[in-house]
file start_15.cif (mmCIF, C-alpha atoms)
data_input
loop_
_atom_site.label_atom_id
_atom_site.label_comp_id
_atom_site.auth_asym_id
_atom_site.auth_seq_id
_atom_site.Cartn_x
_atom_site.Cartn_y
_atom_site.Cartn_z
CA MET Y 28 -12.28 -27.15 2.43
CA LYS Y 29 -13.45 -24.81 -0.32
CA PRO Y 30 -11.20 -22.26 -2.08
CA VAL Y 31 -12.37 -18.65 -2.49
CA ILE Y 32 -10.97 -15.70 -4.42
CA ILE Y 33 -11.59 -12.17 -3.15
CA VAL Y 34 -11.21 -9.37 -5.72
CA SER Y 35 -10.42 -5.73 -5.02
CA THR Y 36 -8.76 -2.72 -6.63
CA TYR Y 37 -6.22 -0.32 -5.14
CA PRO Y 38 -4.91 3.11 -6.17
CA ASP Y 39 -1.18 2.41 -5.95
CA LYS Y 40 1.29 -0.42 -5.67
CA LYS Y 41 2.85 0.72 -2.38
CA ILE Y 42 -0.46 0.45 -0.50
CA VAL Y 43 -1.44 -2.89 -2.01
CA THR Y 44 2.03 -4.38 -1.44
CA LYS Y 45 1.92 -3.37 2.23
CA THR Y 46 -1.59 -4.81 2.57
CA ALA Y 47 -0.65 -8.02 0.76
CA ASN Y 48 2.40 -8.63 2.92
CA GLU Y 49 0.43 -8.11 6.12
CA LEU Y 50 -2.38 -10.45 5.04
CA ILE Y 51 0.05 -13.17 3.95
CA LYS Y 52 1.89 -12.90 7.29
CA LYS Y 53 -1.45 -13.31 9.10
CA ARG Y 54 -2.14 -16.37 6.89
CA LEU Y 55 -5.47 -14.93 5.77
CA ALA Y 56 -4.49 -15.52 2.13
CA ALA Y 57 -2.14 -18.07 0.60
CA CYS Y 58 -1.37 -16.02 -2.50
CA ILE Y 59 -2.13 -12.50 -3.67
CA ASN Y 60 -1.87 -11.54 -7.35
CA ILE Y 61 -1.43 -7.88 -8.29
CA THR Y 62 -1.73 -6.48 -11.80
CA LYS Y 63 -1.94 -2.94 -13.17
CA ILE Y 64 -5.18 -2.08 -14.97
CA SER Y 65 -7.05 0.90 -16.42
CA SER Y 66 -10.47 1.57 -14.91
CA ILE Y 67 -13.32 3.70 -16.24
CA TYR Y 68 -16.15 4.38 -13.78
CA THR Y 69 -18.49 7.04 -12.46
CA TRP Y 70 -17.68 8.77 -9.18
CA LYS Y 71 -19.65 11.66 -7.71
CA GLY Y 72 -21.43 12.28 -11.01
CA LYS Y 73 -18.32 12.31 -13.22
CA ILE Y 74 -16.76 9.72 -15.50
CA GLU Y 75 -13.28 8.88 -14.22
CA THR Y 76 -10.42 7.13 -16.00
CA THR Y 77 -7.58 6.01 -13.81
CA SER Y 78 -4.84 3.45 -13.35
CA GLU Y 79 -5.43 1.00 -10.54
CA PHE Y 80 -4.14 -2.32 -9.32
CA LEU Y 81 -6.44 -5.33 -9.57
CA VAL Y 82 -5.82 -7.70 -6.68
CA LEU Y 83 -6.82 -11.36 -6.33
CA PHE Y 84 -6.67 -12.70 -2.77
CA LYS Y 85 -6.66 -16.51 -2.75
CA THR Y 86 -7.99 -18.00 0.45
CA THR Y 87 -10.35 -20.60 1.90
CA GLU Y 88 -14.00 -20.53 2.91
CA LYS Y 89 -12.87 -20.65 6.55
CA ASN Y 90 -10.83 -17.43 6.25
CA LYS Y 91 -12.90 -15.41 3.80
CA ASP Y 92 -14.94 -13.33 6.28
CA THR Y 93 -11.89 -12.40 8.38
CA LEU Y 94 -9.99 -11.58 5.18
CA LYS Y 95 -12.79 -9.35 3.86
CA LYS Y 96 -12.96 -7.48 7.18
CA ALA Y 97 -9.18 -6.96 7.13
CA ILE Y 98 -9.27 -5.70 3.53
CA LYS Y 99 -12.07 -3.26 4.39
CA LYS Y 100 -10.24 -1.98 7.47
CA MET Y 101 -6.94 -1.44 5.62
CA HIS Y 102 -8.37 -0.20 2.30
CA PRO Y 103 -7.75 3.44 1.31
CA TYR Y 104 -10.94 3.88 -0.77
CA ASP Y 105 -14.16 5.31 0.69
CA VAL Y 106 -16.09 2.60 -1.19
CA PRO Y 107 -13.75 -0.33 -1.80
CA GLU Y 108 -14.65 -3.20 -4.09
CA ILE Y 109 -14.55 -6.43 -2.11
CA ALA Y 110 -16.08 -9.12 -4.30
CA GLU Y 111 -16.09 -12.85 -3.67
CA ILE Y 112 -15.65 -15.43 -6.41
CA ASP Y 113 -16.57 -19.03 -5.65
CA VAL Y 114 -14.11 -21.45 -7.16
CA ILE Y 115 -16.01 -24.34 -8.73
CA SER Y 116 -13.00 -26.40 -9.71
CA ILE Y 117 -9.33 -26.38 -8.65
CA ASN Y 118 -6.50 -28.88 -8.99
CA GLN Y 119 -5.98 -30.88 -5.79
CA PRO Y 120 -2.25 -30.17 -5.26
CA TYR Y 121 -2.96 -26.41 -5.40
CA LEU Y 122 -5.92 -26.76 -3.03
CA LYS Y 123 -3.74 -28.73 -0.59
CA TRP Y 124 -1.10 -25.95 -0.70
CA LEU Y 125 -3.79 -23.26 -0.30
CA ILE Y 126 -5.19 -24.94 2.82
CA GLU Y 127 -1.72 -25.52 4.32
CA SER Y 128 -0.75 -21.89 3.67
CA THR Y 129 -3.80 -20.47 5.46
CA ASN Y 130 -3.90 -22.70 8.54
#

call {"tool": "encode", "arguments": {"input": "start_15.cif", "output": "structure tokens"}}
result
Amino acid sequence: MKPVIIVSTYPDKKIVTKTANELIKKRLAACINITKISSIYTWKGKIETTSEFLVLFKTTEKNKDTLKKAIKKMHPYDVPEIAEIDVISINQPYLKWLIESTN
């Protein structure tokens, strides 16, 4: 089974923590990393600078589509980032844990 990382950003820690806990309980992700970042982007014709939370959802190929749909449904942004990163290499004990945690 292939590992996949889904990347997204969120406006505040309360929302992302609630989302993360729900997705872990549903076993759609084995691990979710959250880190505070600064983002600079254009929105509605203006340059914005804001603090956000970068989130890495670690899952499997089998669960990725269901996970992406759940993220989209629960996400507070009008246009959420939901990007998929294919994992080319991963250590086998971690992969075993990842699969066990999402089955």

call {"tool": "closest_residue", "arguments": {"input": "start_15.cif", "among": "Y:Lys95, Y:Tyr104, Y:Cys58, Y:Lys53", "to": "Y:Pro38", "atoms": "only C-alpha atoms"}}
result
Y:Tyr104

call {"tool": "closest_residue", "arguments": {"input": "start_15.cif", "among": "Y:Ser116, Y:Thr46, Y:Asn130, Y:Ser78", "to": "Y:Pro30", "atoms": "all atoms listed in the file"}}
result
Y:Ser116

call {"tool": "residues_around", "arguments": {"input": "start_15.cif", "residues": "stretch 119-121 of chain Y", "least_positions_apart": "3", "cutoff": "12 Å", "atoms": "all atoms listed in the file", "output": "list in words"}}
result
Met28, Lys29, Pro30, Ala57, Cys58, Lys85, Thr86, Thr87, Ser116, Trp124, Leu125, Ile126, Glu127 and Ser128 of chain Y

call {"tool": "residues_near_point", "arguments": {"input": "start_15.cif", "point": "(-7.4, -2.6, 3.4)", "cutoff": "10 Å", "atoms": "all atoms listed in the file", "output": "list in words"}}
result
Ser35, Tyr37, Ile42, Val43, Lys45, Thr46, Ala47, Glu49, Leu50, Leu94, Lys95, Lys96, Ala97, Ile98, Lys99, Lys100, Met101, His102, Pro103, Tyr104, Pro107 and Ile109 of chain Y

call {"tool": "closest_residue", "arguments": {"input": "start_15.cif", "among": "Y:Asn90, Y:Ile59, Y:Gly72, Y:Glu108", "to": "Y:Thr44", "atoms": "all atoms listed in the file"}}
result
Y:Ile59

call {"tool": "atom_distance", "arguments": {"input": "start_15.cif", "atom1": "atom CA of Y:Val31", "atom2": "atom CA of Y:Val114"}}
result
5.7 Å

call {"tool": "atom_distance", "arguments": {"input": "start_15.cif", "atom1": "atom CA of Y:Ile64", "atom2": "atom CA of Y:Thr76"}}
result
10.6 Å

call {"tool": "residues_around", "arguments": {"input": "start_15.cif", "residues": "Y:Ile33", "least_positions_apart": "4", "cutoff": "6 Å", "atoms": "only C-alpha atoms", "output": "PyMOL selection string"}}
result
chain Y and resi 83-84+110-111

call {"tool": "residues_near_point", "arguments": {"input": "start_15.cif", "point": "(-9.8, 7.3, -17.0)", "cutoff": "12 Å", "atoms": "all atoms listed in the file", "output": "PyMOL selection string"}}
result
chain Y and resi 64-70+73-79

call {"tool": "write_last_selection", "arguments": {"input": "start_15.cif", "atoms": "C-alpha atoms", "output": "short mmCIF file (atom, residue, chain, number, x, y, z; two decimals), keeping the file's coordinate frame"}}
result
data_model
loop_
_atom_site.label_atom_id
_atom_site.label_comp_id
_atom_site.auth_asym_id
_atom_site.auth_seq_id
_atom_site.Cartn_x
_atom_site.Cartn_y
_atom_site.Cartn_z
CA ILE Y 64 -5.18 -2.08 -14.97
CA SER Y 65 -7.05 0.90 -16.42
CA SER Y 66 -10.47 1.57 -14.91
CA ILE Y 67 -13.32 3.70 -16.24
CA TYR Y 68 -16.15 4.38 -13.78
CA THR Y 69 -18.49 7.04 -12.46
CA TRP Y 70 -17.68 8.77 -9.18
CA LYS Y 73 -18.32 12.31 -13.22
CA ILE Y 74 -16.76 9.72 -15.50
CA GLU Y 75 -13.28 8.88 -14.22
CA THR Y 76 -10.42 7.13 -16.00
CA THR Y 77 -7.58 6.01 -13.81
CA SER Y 78 -4.84 3.45 -13.35
CA GLU Y 79 -5.43 1.00 -10.54
#

call {"tool": "closest_residue", "arguments": {"input": "start_15.cif", "among": "Y:Glu88, Y:Thr129, Y:Thr36, Y:Val106", "to": "Y:Lys63", "atoms": "all atoms listed in the file"}}
result
Y:Thr36

call {"tool": "atom_distance", "arguments": {"input": "start_15.cif", "atom1": "atom CA of Y:Ile61", "atom2": "atom CA of Y:Ile32"}}
result
12.9 Å

call {"tool": "closest_residue", "arguments": {"input": "start_15.cif", "among": "Y:Asn60, Y:Val34, Y:Leu81, Y:Ile112", "to": "Y:Asn48", "atoms": "all atoms listed in the file"}}
result
Y:Asn60

call {"tool": "closest_residue", "arguments": {"input": "start_15.cif", "among": "Y:Lys91, Y:Thr62, Y:Phe80, Y:Lys71", "to": "Y:Asp113", "atoms": "only C-alpha atoms"}}
result
Y:Lys91

call {"tool": "axis_aligned_box", "arguments": {"input": "start_15.cif", "around": "stretch 31-36 of chain Y", "padding_each_side": "8 Å", "output": "lines of an AutoDock Vina configuration file"}}
result
center_x = -10.6
center_y = -10.7
center_z = -4.6
size_x = 19.6
size_y = 31.9
size_z = 20.1
